[in-house]
Each structure stands twice: as C-alpha cells, then as structure tokens.
>>> print(open('target-v5.txt').read())   # compact mmCIF, C-alpha atoms
# COMPACT_ATOMS: atom_id res chain seq x y z
CA MET T 1 0.00 0.00 0.00
CA LEU T 2 1.20 3.50 -0.78
CA PRO T 3 2.30 5.61 2.18
CA ARG T 4 -0.27 8.28 1.42
CA THR T 5 -3.02 5.67 1.15
CA ARG T 6 -2.05 4.21 4.50
CA PHE T 7 -1.78 7.67 5.99
CA GLU T 8 -5.22 8.62 4.74
CA ALA T 9 -6.78 5.36 5.91
CA GLU T 10 -5.11 4.94 9.28
CA VAL T 11 -3.73 8.27 10.50
CA LEU T 12 -6.15 10.84 9.13
CA PRO T 13 -9.07 9.57 11.27
CA HIS T 14 -6.98 10.62 14.30
CA LEU T 15 -6.21 14.11 13.07
CA ASN T 16 -8.64 15.65 15.55
CA ALA T 17 -7.17 13.65 18.45
CA GLY T 18 -3.69 14.80 17.41
CA TYR T 19 -4.84 18.38 17.09
CA ASN T 20 -6.57 18.28 20.47
CA LEU T 21 -3.34 17.11 22.12
CA ALA T 22 -1.23 19.70 20.27
CA ARG T 23 -3.64 22.46 21.19
CA TRP T 24 -3.61 21.55 24.90
CA LEU T 25 0.17 21.31 24.88
CA ALA T 26 0.87 24.48 22.90
CA ARG T 27 -2.15 26.43 24.21
CA ASP T 28 -2.29 28.39 20.98
CA VAL T 29 -4.27 27.89 17.77
CA HIS T 30 -1.50 28.71 15.31
CA ASP T 31 1.27 26.93 17.17
CA ALA T 32 -0.94 23.84 17.40
CA ASP T 33 -1.53 24.00 13.63
CA ASP T 34 2.22 24.12 12.99
CA VAL T 35 2.90 21.26 15.37
CA VAL T 36 0.24 19.05 13.79
CA GLN T 37 1.48 19.85 10.31
CA GLU T 38 5.01 18.89 11.28
CA ALA T 39 3.64 15.72 12.89
CA CYS T 40 1.88 14.83 9.64
CA VAL T 41 5.12 15.33 7.69
CA ARG T 42 6.83 12.89 10.06
CA ALA T 43 3.92 10.45 10.04
CA LEU T 44 4.03 10.32 6.24
CA ARG T 45 7.77 9.82 6.31
CA TYR T 46 7.77 7.07 8.93
CA ILE T 47 4.47 5.41 8.02
CA ASP T 48 6.32 2.10 7.61
CA SER T 49 6.92 1.94 11.35
CA LEU T 50 3.17 2.03 12.05
CA ARG T 51 1.89 -1.33 13.22
CA PRO T 52 -1.74 -2.12 12.33
CA GLY T 53 -4.23 -1.16 15.01
CA SER T 54 -2.01 1.24 16.91
CA ALA T 55 -2.48 4.31 14.71
CA ARG T 56 -4.00 6.48 17.41
CA SER T 57 -1.28 6.27 20.03
CA TRP T 58 1.38 6.13 17.29
CA PHE T 59 0.18 9.45 15.89
CA LEU T 60 -0.25 11.00 19.35
CA THR T 61 3.36 10.04 20.14
CA ILE T 62 4.52 11.77 16.95
CA VAL T 63 2.47 14.87 17.76
CA ARG T 64 4.04 14.95 21.20
CA HIS T 65 7.58 14.67 19.81
CA ALA T 66 6.81 17.35 17.24
CA TYR T 67 5.62 19.62 20.02
CA TYR T 68 8.68 19.03 22.19
CA ASP T 69 10.99 19.75 19.25
CA TRP T 70 8.98 22.87 18.45
CA CYS T 71 9.25 23.85 22.11
CA LYS T 72 13.03 23.47 22.16
CA ALA T 73 13.21 26.00 19.36
CA ASN T 74 10.46 28.38 20.47
CA ARG T 75 9.67 28.03 24.18
CA PRO T 76 12.62 26.38 25.95
CA ALA T 77 11.35 27.60 29.33
CA GLU T 78 8.34 25.34 29.01
CA LEU T 79 10.58 22.25 29.12
CA VAL T 80 12.30 23.14 32.38
CA HIS T 81 9.37 21.77 34.36
CA ASP T 82 9.86 18.48 32.66
CA ALA T 83 13.34 18.00 34.06
CA GLN T 84 12.13 18.87 37.55
CA ASP T 85 9.24 16.51 37.24
CA LEU T 86 11.53 13.76 36.07
CA LEU T 87 13.86 14.13 39.02
CA GLU T 88 11.00 14.12 41.50
CA THR T 89 9.26 11.16 40.02
CA MET T 90 12.45 9.17 39.62
CA ALA T 91 13.28 9.68 43.27
CA ASP T 92 9.93 8.40 44.51
CA PRO T 93 6.96 8.04 42.22
CA MET T 94 4.30 8.09 44.91
CA ALA T 95 5.79 10.59 47.32
CA THR T 96 4.61 13.70 45.51
CA VAL T 97 0.86 13.33 45.57
CA ASP T 98 0.44 16.68 47.28
CA ALA T 99 0.49 19.48 44.79
CA GLU T 100 3.85 21.21 44.88
CA PRO T 101 3.93 24.96 44.14
CA SER T 102 5.09 24.51 40.55
CA ALA T 103 2.02 22.41 39.81
CA LEU T 104 -0.46 24.89 41.27
CA PRO T 105 -2.65 26.64 38.72
CA LYS T 106 -2.32 30.40 38.55
CA ALA T 107 -4.60 32.39 40.80
CA ASP T 108 -6.28 34.06 37.84
CA ALA T 109 -7.51 30.78 36.41
CA CYS T 110 -11.27 31.29 36.31
CA THR T 111 -12.43 28.24 34.47
CA LEU T 112 -11.43 24.62 34.73
CA ALA T 113 -9.87 24.87 31.27
CA GLU T 114 -7.69 27.78 32.40
CA ALA T 115 -6.70 25.85 35.50
CA VAL T 116 -5.67 22.90 33.31
CA ASN T 117 -3.75 25.25 31.02
CA SER T 118 -1.69 26.48 33.93
CA LEU T 119 -0.59 22.99 34.98
CA SER T 120 3.00 22.14 34.17
CA LEU T 121 3.56 20.47 30.82
CA PRO T 122 3.93 16.80 31.89
CA LEU T 123 0.90 17.01 34.19
CA ARG T 124 -1.24 18.75 31.58
CA GLU T 125 -0.23 16.21 28.99
CA ALA T 126 -1.02 13.20 31.19
CA LEU T 127 -4.37 14.71 32.18
CA VAL T 128 -5.47 15.45 28.61
CA LEU T 129 -4.43 12.00 27.40
CA ARG T 130 -6.39 10.43 30.25
CA GLU T 131 -9.53 12.57 30.49
CA LEU T 132 -10.05 13.67 26.89
CA GLU T 133 -8.42 10.88 24.89
CA GLU T 134 -9.37 8.25 27.49
CA LEU T 135 -6.12 6.36 27.12
CA SER T 136 -4.98 3.73 29.64
CA TYR T 137 -2.04 4.30 31.98
CA LYS T 138 -0.04 1.90 29.86
CA GLU T 139 -0.71 3.86 26.68
CA ILE T 140 0.08 7.17 28.36
CA ALA T 141 3.31 5.72 29.79
CA HIS T 142 4.26 4.62 26.29
CA ILE T 143 3.53 8.04 24.78
CA GLN T 144 5.26 9.99 27.55
CA GLY T 145 8.14 7.53 27.64
CA VAL T 146 7.99 7.08 31.42
CA PRO T 147 7.12 4.20 33.81
CA ILE T 148 3.44 3.64 34.67
CA GLY T 149 4.16 4.74 38.25
CA THR T 150 5.14 8.17 36.95
CA VAL T 151 1.89 8.45 34.98
CA MET T 152 0.00 7.54 38.13
CA SER T 153 1.83 10.19 40.12
CA ARG T 154 1.39 12.86 37.43
CA LEU T 155 -2.35 12.28 37.22
CA ALA T 156 -2.72 12.29 41.00
CA ARG T 157 -0.76 15.54 41.24
CA ALA T 158 -2.66 17.17 38.40
CA ARG T 159 -5.98 16.33 40.03
CA ALA T 160 -4.92 17.33 43.52
CA SER T 161 -3.81 20.65 42.10
CA LEU T 162 -7.09 21.20 40.23
CA GLN T 163 -9.08 20.29 43.32
CA GLY T 164 -7.08 22.79 45.30
CA ARG T 165 -8.21 25.43 42.86
CA SER T 166 -11.79 24.30 42.32
CA ARG T 167 -13.10 26.32 45.25
CA GLN T 168 -11.49 29.42 43.89
CA ILE T 169 -12.90 28.63 40.44
CA LYS T 170 -16.37 28.47 41.95
CA ILE T 171 -15.97 31.82 43.68
CA CYS T 172 -14.58 33.28 40.50
CA ARG T 173 -17.53 32.04 38.51
CA GLU T 174 -20.05 33.40 40.98
CA SER T 175 -18.49 36.85 40.92
CA ALA T 176 -18.35 36.72 37.12
CA SER T 177 -22.03 35.82 36.83
CA GLY T 178 -22.83 38.47 39.45
CA ARG T 179 -21.24 41.08 37.22
CA VAL T 180 -23.49 40.11 34.30
CA MET P 1 -4.84 0.57 55.27
CA ASN P 2 -4.29 4.09 56.51
CA CYS P 3 -5.64 7.26 54.91
CA ASN P 4 -2.31 8.32 53.40
CA THR P 5 -1.99 5.10 51.45
CA ALA P 6 -5.66 5.31 50.49
CA ILE P 7 -5.29 8.87 49.17
CA GLU P 8 -2.38 7.79 46.97
CA ARG P 9 -4.50 5.07 45.46
CA LEU P 10 -7.73 7.00 44.90
CA SER P 11 -6.61 8.46 41.59
CA PRO P 12 -5.71 5.12 39.96
CA TYR P 13 -8.86 3.67 41.53
CA VAL P 14 -11.20 6.13 39.78
CA ASP P 15 -9.30 5.46 36.55
CA GLY P 16 -9.98 1.73 36.87
CA GLU P 17 -6.23 1.16 37.05
CA LEU P 18 -6.02 -0.25 40.57
CA HIS P 19 -6.14 -4.01 40.57
CA GLY P 20 -6.08 -7.06 42.81
CA LEU P 21 -5.45 -6.83 46.51
CA ARG P 22 -4.76 -3.09 46.45
CA ARG P 23 -8.19 -2.45 45.02
CA ILE P 24 -9.91 -4.74 47.52
CA LEU P 25 -8.11 -3.11 50.44
CA LEU P 26 -9.03 0.37 49.25
CA VAL P 27 -12.70 -0.50 48.77
CA ARG P 28 -12.73 -2.00 52.27
CA HIS P 29 -11.08 1.12 53.69
CA MET P 30 -13.64 3.41 52.06
CA ARG P 31 -16.48 1.43 53.61
CA THR P 32 -15.26 2.43 57.04
CA CYS P 33 -13.60 5.79 56.38
CA VAL P 34 -16.13 8.51 55.61
CA LEU P 35 -13.40 11.00 54.75
CA CYS P 36 -11.78 8.85 52.10
CA ALA P 37 -15.17 7.91 50.65
CA ALA P 38 -15.91 11.63 50.35
CA ARG P 39 -12.48 12.22 48.77
CA MET P 40 -13.26 9.55 46.22
CA GLU P 41 -16.58 11.18 45.38
CA GLU P 42 -14.92 14.54 45.03
CA LEU P 43 -12.43 13.01 42.62
CA GLN P 44 -15.25 11.48 40.59
CA ARG P 45 -16.96 14.87 40.42
CA LEU P 46 -13.77 16.51 39.21
CA ARG P 47 -13.39 13.87 36.54
CA SER P 48 -16.92 14.29 35.21
CA ARG P 49 -16.46 18.06 35.22
CA LEU P 50 -13.20 17.72 33.29
CA ARG P 51 -14.88 15.52 30.73
CA SER P 52 -17.87 17.78 30.28
CA GLU P 53 -16.23 21.20 30.60
CA LEU P 54 -12.89 20.88 28.82
CA PRO P 55 -13.18 21.65 25.11
CA ARG P 56 -12.13 18.91 22.70
CA HIS P 57 -10.35 20.93 20.05
CA ARG P 58 -10.85 19.96 16.44
CA ALA P 59 -8.59 20.59 13.46
CA SER P 60 -9.73 23.69 11.60
CA ALA P 61 -10.74 23.56 7.94
CA GLN P 62 -7.56 25.51 7.22
CA LEU P 63 -5.37 22.90 8.90
CA GLN P 64 -7.18 20.12 7.08
CA VAL P 65 -6.42 21.84 3.79
CA ARG P 66 -2.76 22.11 4.79
CA VAL P 67 -2.65 18.42 5.65
CA GLN P 68 -4.39 17.50 2.41
CA SER P 69 -1.83 19.42 0.39
CA LEU P 70 0.92 17.67 2.34
CA ILE P 71 -0.57 14.33 1.37
CA ALA P 72 -0.95 15.42 -2.23
CA SER P 73 2.68 16.52 -2.38
CA SER P 74 4.03 13.32 -0.87
CA SER P 75 5.47 11.49 -3.86
CA SER P 76 4.13 8.11 -4.85
CA ALA P 77 7.45 6.59 -3.80
CA GLY P 78 6.71 7.60 -0.27
CA ALA P 79 9.25 10.31 0.55
CA PRO P 80 7.04 13.22 1.53
CA ASN P 81 8.86 16.23 0.20
CA ARG P 82 8.84 19.92 -0.50
CA ALA P 83 5.48 21.56 -0.91
CA ALA P 84 4.44 21.65 2.76
CA PRO P 85 2.96 25.15 2.73
CA ARG P 86 4.81 26.68 5.65
CA ARG P 87 7.53 24.22 6.45
CA PRO P 88 9.62 23.16 3.51
CA ALA P 89 11.25 19.81 4.28
CA PRO P 90 14.83 19.21 3.12
CA ARG P 91 15.13 17.96 -0.45
CA TRP P 92 16.83 14.67 -1.01
CA PRO P 93 16.53 14.00 -4.74
CA TRP P 94 18.91 11.04 -4.61
CA LEU P 95 16.78 9.46 -1.93
CA ALA P 96 13.59 9.90 -3.93
CA ALA P 97 15.20 8.39 -7.02
CA GLY P 98 16.45 5.44 -5.02
CA ALA P 99 13.08 5.00 -3.41
CA ILE P 100 11.30 4.91 -6.79
CA ALA P 101 13.70 2.29 -8.14
CA GLY P 102 13.44 0.28 -4.94
CA SER P 103 9.71 0.47 -4.77
CA ALA P 104 9.29 -0.70 -8.36
CA ALA P 105 11.35 -3.76 -7.54
CA THR P 106 9.47 -4.60 -4.37
CA LEU P 107 5.97 -3.56 -5.41
CA ALA P 108 4.89 -7.04 -6.41
CA THR P 109 6.22 -8.59 -3.21
CA LEU P 110 4.51 -5.89 -1.17
CA LEU P 111 1.17 -6.46 -2.83
CA VAL P 112 1.24 -10.14 -2.03
CA PHE P 113 2.44 -9.43 1.49
CA ASN P 114 -0.35 -6.91 2.09
CA LEU P 115 -2.94 -9.39 0.87
CA VAL P 116 -1.73 -11.99 3.33
CA VAL P 117 -1.51 -9.49 6.18
CA SER P 118 -4.98 -8.08 5.55
CA ARG P 119 -6.44 -11.58 5.45
CA ILE P 120 -4.86 -12.38 8.81
CA ALA P 121 -6.05 -9.02 10.15
CA ALA P 122 -9.58 -9.76 8.97
CA GLN P 123 -9.63 -13.05 10.87
CA ASP P 124 -8.38 -11.24 13.94
CA VAL P 125 -11.14 -8.67 13.74
CA VAL P 126 -13.82 -11.32 13.38
CA SER P 127 -12.58 -13.36 16.32
CA GLU P 128 -12.19 -10.19 18.40
CA ALA P 129 -15.73 -9.14 17.49
CA VAL P 130 -17.10 -12.53 18.50
CA ALA P 131 -15.13 -12.46 21.74
CA ASP P 132 -16.46 -8.96 22.48
CA HIS P 133 -20.00 -10.12 21.82
CA VAL P 134 -19.65 -13.18 24.06
CA GLN P 135 -18.02 -11.23 26.86
CA ALA P 136 -20.62 -8.48 26.72
CA THR P 137 -23.45 -11.01 26.79
CA LEU P 138 -21.96 -12.95 29.69
CA SER P 139 -21.19 -9.90 31.79
CA GLN P 140 -24.55 -8.33 30.92
CA ARG P 141 -22.66 -5.25 29.78
CA LEU P 142 -24.33 -5.22 26.39
CA ILE P 143 -25.57 -1.67 26.64
CA GLU P 144 -23.87 1.49 27.85
CA VAL P 145 -26.42 3.86 26.36
CA ALA P 146 -29.91 2.37 26.48
CA SER P 147 -32.30 3.92 24.02
CA SER P 148 -34.38 3.01 21.01
CA ASP P 149 -34.12 6.60 19.85
CA GLN P 150 -31.46 7.08 17.18
CA HIS P 151 -31.24 10.78 18.12
CA THR P 152 -30.04 9.77 21.58
CA VAL P 153 -27.67 7.02 20.54
CA LYS P 154 -25.93 8.87 17.68
CA PRO P 155 -24.82 11.91 19.73
CA TRP P 156 -23.68 9.56 22.53
CA PHE P 157 -21.22 8.03 20.08
CA SER P 158 -20.27 11.35 18.49
CA ALA P 159 -19.16 12.60 21.88
CA ARG P 160 -16.91 9.58 22.41
CA LEU P 161 -15.45 8.78 19.01
CA ASP P 162 -13.81 10.69 16.20
CA TYR P 163 -16.51 9.56 13.82
CA SER P 164 -20.27 9.49 13.96
CA PRO P 165 -21.86 6.17 13.03
CA PRO P 166 -25.19 6.05 11.18
CA VAL P 167 -27.86 4.85 13.61
CA GLN P 168 -31.12 3.37 12.34
CA ASP P 169 -33.97 1.76 14.19
CA LEU P 170 -35.44 -1.05 12.14
CA ALA P 171 -38.13 -2.04 14.65
CA SER P 172 -40.76 -2.11 11.91
CA GLU P 173 -38.69 -4.80 10.18
CA GLY P 174 -38.28 -6.86 13.33
CA PHE P 175 -34.90 -5.45 14.43
CA ALA P 176 -35.40 -3.11 17.34
CA LEU P 177 -32.57 -0.79 18.33
CA VAL P 178 -31.98 -1.21 22.06
CA GLY P 179 -28.84 0.85 22.56
CA GLY P 180 -25.11 0.95 22.07
CA ARG P 181 -21.72 0.65 23.70
CA LEU P 182 -18.04 1.13 22.93
CA GLU P 183 -15.87 -1.84 22.09
CA THR P 184 -12.25 -2.21 21.14
CA LEU P 185 -11.43 -3.91 17.86
CA HIS P 186 -7.79 -4.03 16.81
CA GLY P 187 -6.92 -1.48 19.46
CA GLU P 188 -9.39 1.05 18.06
CA ARG P 189 -12.54 2.14 19.80
CA VAL P 190 -15.52 1.12 17.76
CA ALA P 191 -19.18 2.09 17.92
CA THR P 192 -21.28 -0.97 18.70
CA LEU P 193 -25.02 -0.87 18.05
CA VAL P 194 -27.18 -3.39 19.86
CA TYR P 195 -30.34 -4.72 18.23
CA ARG P 196 -32.92 -7.23 19.37
CA HIS P 197 -34.45 -9.70 16.96
CA ARG P 198 -37.07 -11.83 18.75
CA LEU P 199 -35.03 -13.43 21.56
CA HIS P 200 -31.64 -12.79 19.98
CA MET P 201 -29.24 -9.96 20.59
CA ILE P 202 -27.25 -8.63 17.66
CA ASP P 203 -24.08 -6.57 17.94
CA VAL P 204 -23.19 -4.38 14.98
CA PHE P 205 -19.68 -2.94 15.01
CA VAL P 206 -19.61 0.20 12.88
CA ARG P 207 -16.29 1.62 11.70
CA PRO P 208 -15.26 4.13 9.05
CA LEU P 209 -14.10 2.49 5.82
CA PRO P 210 -11.75 1.05 4.83
CA ALA P 211 -11.60 -1.85 7.23
CA ALA P 212 -10.08 -5.21 6.54
CA ALA P 213 -12.90 -7.55 7.38
CA ALA P 214 -14.21 -10.83 6.10
CA LYS P 215 -16.57 -10.36 3.21
CA GLU P 216 -18.26 -13.76 3.31
CA PRO P 217 -20.72 -14.70 6.02
CA ARG P 218 -19.11 -17.15 8.41
CA SER P 219 -19.51 -18.53 11.85
CA LEU P 220 -17.23 -18.81 14.82
CA ARG P 221 -17.85 -20.64 18.09
CA GLY P 222 -21.50 -21.00 17.14
CA PHE P 223 -22.01 -17.32 16.44
CA ASN P 224 -22.73 -16.02 12.99
CA VAL P 225 -20.77 -13.13 11.58
CA ALA P 226 -21.95 -10.99 8.66
CA HIS P 227 -20.34 -8.04 7.00
CA ALA P 228 -21.38 -5.21 4.69
CA SER P 229 -20.33 -1.68 3.86
CA GLY P 230 -22.12 1.45 2.77
CA GLY P 231 -22.22 5.18 3.38
CA GLY P 232 -18.49 5.24 4.07
CA MET P 233 -18.89 2.84 6.98
CA ASP P 234 -18.02 -0.76 7.62
CA PHE P 235 -20.65 -2.88 9.40
CA LEU P 236 -19.74 -6.10 11.19
CA ALA P 237 -22.64 -7.96 12.82
CA VAL P 238 -22.28 -10.75 15.39
CA SER P 239 -25.18 -12.77 16.78
CA ASP P 240 -26.59 -16.21 17.41
CA VAL P 241 -29.40 -15.37 15.03
CA ASN P 242 -29.68 -17.38 11.79
CA ALA P 243 -26.90 -16.58 9.28
CA ASP P 244 -29.24 -15.66 6.42
CA VAL P 245 -31.29 -13.33 8.62
CA LEU P 246 -28.14 -11.70 9.95
CA GLY P 247 -26.70 -11.24 6.45
CA ALA P 248 -29.90 -9.63 5.21
CA PHE P 249 -30.09 -7.39 8.26
CA VAL P 250 -26.55 -6.05 8.01
CA ALA P 251 -26.95 -5.50 4.26
CA ARG P 252 -30.15 -3.59 5.00
CA LEU P 253 -28.29 -1.41 7.56
CA ALA P 254 -25.49 -0.63 5.11
CA ALA P 255 -27.93 0.12 2.29
CA GLY P 256 -29.98 2.32 4.60
CA SER P 257 -26.99 4.39 5.62
CA SER P 258 -25.68 4.87 2.08
CA ALA P 259 -29.15 5.96 0.94
CA ARG P 260 -28.96 8.96 3.27
>>> encode(input="target-v5.txt", output="structure tokens")
Amino acid sequence: MLPRTRFEAEVLPHLNAGYNLARWLARDVHDADDVVQEACVRALRYIDSLRPGSARSWFLTIVRHAYYDWCKANRPAELVHDAQDLLETMADPMATVDAEPSALPKADACTLAEAVNSLSLPLREALVLRELEELSYKEIAHIQGVPIGTVMSRLARARASLQGRSRQIKICRESASGRV
Amino acid sequence: MNCNTAIERLSPYVDGELHGLRRILLVRHMRTCVLCAARMEELQRLRSRLRSELPRHRASAQLQVRVQSLIASSSSAGAPNRAAPRRPAPRWPWLAAGAIAGSAATLATLLVFNLVVSRIAAQDVVSEAVADHVQATLSQRLIEVASSDQHTVKPWFSARLDYSPPVQDLASEGFALVGGRLETLHGERVATLVYRHRLHMIDVFVRPLPAAAAKEPRSLRGFNVAHASGGGMDFLAVSDVNADVLGAFVARLAAGSSAR
C-alpha cells in the first residue's frame, strides 16, 4: 500500500485527536496548527513503522515529539518543568501526591480549562491523554516515555492541584455571573 | 490501610487502574472511612467536570487543507517532500530516485504481502468481534447507552469517538434498536449498536471504511458473523441469530446508511 493511502486510511481519522493534544500542549491555535502539520510530515515519512491497530497512540506520540521539538526552538522555558518533574518522580513516584507549588494553577484561572492550562507540561499532557483521549495508563506511559508509576503520580498531582483550585474557580464564577 | 496510602491510590482507583489486593483493600477502607469515601466522590466529580467542561479541540478547515496538500505533495514513492505550505522539508533527490527504483522492484512482493496481512487481520477482527459479543453477553454489559431513539444514541457516540456512526432503528422490520456501547477492535474504539431480533441480541460494530474484514458470512464458536459496507462505513454484525437473517439485516443497515 502507498504511504499516502495508509496515511489517509489509518492516521487521518486521528487528526482531531492529534490536534486536540497539540492544542492543549501548545495552548495556541496557530502553534498547534504548525505542530500538527510537522507531525503529519513525520507520520508520512515514517508510516512504515506504524503497526496495524495502533495508529491512534502512534500518531499521538509523533504529535508529542513534534511539540517538544517545536518547544526546544520556540519556548525552551516550558521544558524546564519536565526535568524537575523527572527528578522528583524518579526519586519516589508516589511521594509527591500533594500538589507542589510549581504544579499549582495560577490564581487568575477562572475556568477549569484555564486551570488545566496552567498545569506544568507533563501534568497537563497526562491529564489530557487520560480525560479527553481516554487512554490507559499503559498507553500514556508509552507516549510519555515514562514508567506507569510516573503516569499515576502525574495524574494524582494534576488532580490534587485542580481540586485545590476548584473552590477558587467556583468563587470566580459566581463573581463573574454576578457582574453580568 | 491508613488514609495516606488510600489517598495515593484514589486516583488510579477512579481510573480503573487499581487491581487485585490493592483495590480490595481500598474499597474496604472506604467502607469504614467517611473521609476517604468523600475524597473519592470529590475526585469522581472533578473527573466528570473535566470531561464535560474541557473543550475537545478539532482541526480547523484551514489545517485540514494544509494536511491534504501535504498528502498530495508526498510522492508516490513515499518520501514526503517539498510543498508543505509553511515548512519546507529538506530535499533529497537522490533518496527519492532510489526510493522509486526500490519500490518498483518490491511492489509485487509488497502487494502479495499486504494481501496476506490483511487476510490475517480480517480473521483477527472477526474473532475479536465474536469475543467482544460473548463477553458483553456474559457480563450483561451489552448496553452502555440504552435507548431506542437514534437521536439519543448517535450523539452519545459522536461525543466519544472521532466519527459518527449512522444509527437506524429497524423495529418495523423486526430489528429493534436497544442501545449501544463502545468496544475495542484491533486497538481502536468502535461504535457498537445493539439490536434485538425476537429473543436474539445482535451486535453491529460500525467503523469508518476502509476496514479489513471478512466479506463472506461465516460462523465462529457457534455465532454467525456478517459483514457489509455502505455510506463510508463498515458494518460487522455478530449474533446467534440465523446466518441468512443476519446477512440480510446487516446489508439492510449498510444500504440504509448509504441511501442517506
């Protein structure tokens, strides 16, 4: 089968999933477009490495790599969290369930989406893959290239951090609706 | 189990990723610890809020056009090159030439290989579909969205899949729609429509074309399997109903959805 035929048949159905991930990672419409386009270039090039039935997580992995490469060039600061996260989780995967300051959403996050957007990159990524793409821990571990224990810890920390903010979000929403 | 351990395990528990003894111990702990039970409920609430409130972003028409032009510009030999609108890839003419020569030589082999692979894949899908049907029947988990109303079932799928399967109720023809659920075939999530025909339950797995599936009616472990396609979708029906009836039914479904 031709690469483009395979791409159209197996990868294209997951374009929206790939875009959703890119958009949550990049937090910007145009950057997400560029990342997905680059991911498609790579997917076409490496289509031979796609095993049947795994197109979704295969493409999501490529989107993620494309984003990280894009980040290195455009937003290196974004990747600093990753190194921190890695050190913490390598030391003790389950010891960091309490939200540490770096994982706390910004105080001006008024909606749940904004709170998610202010999570650090690895936490945001794990959360989106779990809650929106409904992937298993094993699949997320594969995509993020970390042990399952790290995925578990990232999700727990992301949620603890969002819960910590949910009261504030509620207050925020009430005052916003009061204004209208 | 103490509360600290329980708190650590709540998150994997609500994800369905806590197994065996750890799960049993946590459930037992929550029966006696009101605080942890409340924590678990709070976590569940957060999860359902995340799922309902977070936007699922979709590729814009503009991006789709960009991707389409990428596909169009990928050469038939397979080295996607040049005309990516905003990101020109490096040109490797020697590679493209080599790839064309190589692909001509191996094309015949590849064709045969693909035929064999797709036949094996088709058998896999059929046996997976039958296994799904059996498991769902045994565990009484046949239906995740119970409704005979196609306008309820269709949006339920649309919200959970990246395609929207055609949903028809053929009650007047003896096949009543009773609901639907999600199944996994070949690692992909697939819309599964559940129909009742007299005392029999029928599962119809609906996937976007193309899908490598068996074309001929066949049976496996006493269940009949029938296949048809139409309206850009692939329909795979599994049931203990008579093979002829099942074949006619799935053909009727496919014809009905391509007529729309």
>>> closest_residue(input="target-v5.txt", among="P:Phe249, P:Arg207, P:Gly20, P:Gln62", to="Ala9 (chain T)", atoms="only C-alpha atoms")
P:Arg207
>>> residues_around(input="target-v5.txt", residues="Gly18 (chain T)", least_positions_apart="3", cutoff="10 Å", atoms="only C-alpha atoms", output="PyMOL selection string")
(chain T and resi 11-15+21-23+32+35-36+39-40+56-57+59-64+133) or (chain P and resi 57-59)
>>> closest_residue(input="target-v5.txt", among="T:Lys138, T:Met152, T:Val80, T:Trp70", to="chain P", atoms="only C-alpha atoms")
T:Met152
>>> atom_distance(input="target-v5.txt", atom1="CA of Asp28 (chain T)", atom2="CA of Ala43 (chain T)")
21.9 Å
>>> closest_atom_pairs(input="target-v5.txt", of="chain T", to="chain P", cutoff="8 Å", atoms="all atoms listed in the file", output="JSON lines")
{"residue": "T:Met1", "atom": "CA", "partner": "P:Leu111", "partner_atom": "CA", "distance": 7.1}
{"residue": "T:Leu2", "atom": "CA", "partner": "P:Ser76", "partner_atom": "CA", "distance": 6.8}
{"residue": "T:Pro3", "atom": "CA", "partner": "P:Gly78", "partner_atom": "CA", "distance": 5.4}
{"residue": "T:Arg4", "atom": "CA", "partner": "P:Ile71", "partner_atom": "CA", "distance": 6.1}
{"residue": "T:Ala9", "atom": "CA", "partner": "P:Pro210", "partner_atom": "CA", "distance": 6.7}
{"residue": "T:Pro13", "atom": "CA", "partner": "P:Asp162", "partner_atom": "CA", "distance": 6.9}
{"residue": "T:His14", "atom": "CA", "partner": "P:Asp162", "partner_atom": "CA", "distance": 7.1}
{"residue": "T:Leu15", "atom": "CA", "partner": "P:Ala59", "partner_atom": "CA", "distance": 6.9}
{"residue": "T:Asn16", "atom": "CA", "partner": "P:Arg58", "partner_atom": "CA", "distance": 4.9}
{"residue": "T:Ala17", "atom": "CA", "partner": "P:Arg58", "partner_atom": "CA", "distance": 7.6}
{"residue": "T:Tyr19", "atom": "CA", "partner": "P:Ala59", "partner_atom": "CA", "distance": 5.7}
{"residue": "T:Asn20", "atom": "CA", "partner": "P:His57", "partner_atom": "CA", "distance": 4.6}
{"residue": "T:Arg23", "atom": "CA", "partner": "P:His57", "partner_atom": "CA", "distance": 7.0}
{"residue": "T:Asp33", "atom": "CA", "partner": "P:Leu63", "partner_atom": "CA", "distance": 6.2}
{"residue": "T:Gln37", "atom": "CA", "partner": "P:Val67", "partner_atom": "CA", "distance": 6.4}
{"residue": "T:Glu38", "atom": "CA", "partner": "P:Arg87", "partner_atom": "CA", "distance": 7.6}
{"residue": "T:Cys40", "atom": "CA", "partner": "P:Val67", "partner_atom": "CA", "distance": 7.0}
{"residue": "T:Val41", "atom": "CA", "partner": "P:Pro80", "partner_atom": "CA", "distance": 6.8}
{"residue": "T:Leu44", "atom": "CA", "partner": "P:Pro80", "partner_atom": "CA", "distance": 6.3}
{"residue": "T:Arg45", "atom": "CA", "partner": "P:Pro80", "partner_atom": "CA", "distance": 5.9}
{"residue": "T:Pro52", "atom": "CA", "partner": "P:His186", "partner_atom": "CA", "distance": 7.8}
{"residue": "T:Gly53", "atom": "CA", "partner": "P:His186", "partner_atom": "CA", "distance": 4.9}
{"residue": "T:Ser54", "atom": "CA", "partner": "P:Gly187", "partner_atom": "CA", "distance": 6.2}
{"residue": "T:Arg56", "atom": "CA", "partner": "P:Glu188", "partner_atom": "CA", "distance": 7.7}
{"residue": "T:Met94", "atom": "CA", "partner": "P:Glu8", "partner_atom": "CA", "distance": 7.0}
{"residue": "T:Val97", "atom": "CA", "partner": "P:Glu8", "partner_atom": "CA", "distance": 6.6}
{"residue": "T:Leu112", "atom": "CA", "partner": "P:Leu54", "partner_atom": "CA", "distance": 7.1}
{"residue": "T:Ala113", "atom": "CA", "partner": "P:Leu54", "partner_atom": "CA", "distance": 5.6}
{"residue": "T:Glu131", "atom": "CA", "partner": "P:Arg51", "partner_atom": "CA", "distance": 6.1}
{"residue": "T:Leu132", "atom": "CA", "partner": "P:Arg51", "partner_atom": "CA", "distance": 6.4}
{"residue": "T:Ser136", "atom": "CA", "partner": "P:Glu17", "partner_atom": "CA", "distance": 7.9}
{"residue": "T:Tyr137", "atom": "CA", "partner": "P:Glu17", "partner_atom": "CA", "distance": 7.3}
{"residue": "T:Met152", "atom": "CA", "partner": "P:Pro12", "partner_atom": "CA", "distance": 6.5}
{"residue": "T:Leu155", "atom": "CA", "partner": "P:Ser11", "partner_atom": "CA", "distance": 7.2}
{"residue": "T:Ala156", "atom": "CA", "partner": "P:Ser11", "partner_atom": "CA", "distance": 5.5}
{"residue": "T:Arg159", "atom": "CA", "partner": "P:Leu43", "partner_atom": "CA", "distance": 7.7}
{"residue": "T:Gln163", "atom": "CA", "partner": "P:Leu46", "partner_atom": "CA", "distance": 7.3}
>>> atom_distance(input="target-v5.txt", atom1="CA of Arg42 (chain T)", atom2="CA of Glu139 (chain T)")
20.4 Å
>>> residues_near_point(input="target-v5.txt", point="(-3.7, 21.5, 36.7)", cutoff="6 Å", atoms="all atoms listed in the file", output="PyMOL selection string")
chain T and resi 105+115-116+119+158+161-162
>>> atom_distance(input="target-v5.txt", atom1="CA of Phe157 (chain P)", atom2="CA of Leu25 (chain T)")
25.6 Å
>>> closest_residue(input="target-v5.txt", among="T:Leu135, T:Ala26, T:Leu79, T:Val151", to="Leu123 (chain T)", atoms="only C-alpha atoms")
T:Val151
>>> residues_around(input="target-v5.txt", residues="Ala237 (chain P)", least_positions_apart="5", cutoff="9 Å", atoms="only C-alpha atoms", output="number ranges by chain")
P: 129, 202-206, 224-228, 246-247, 249-250
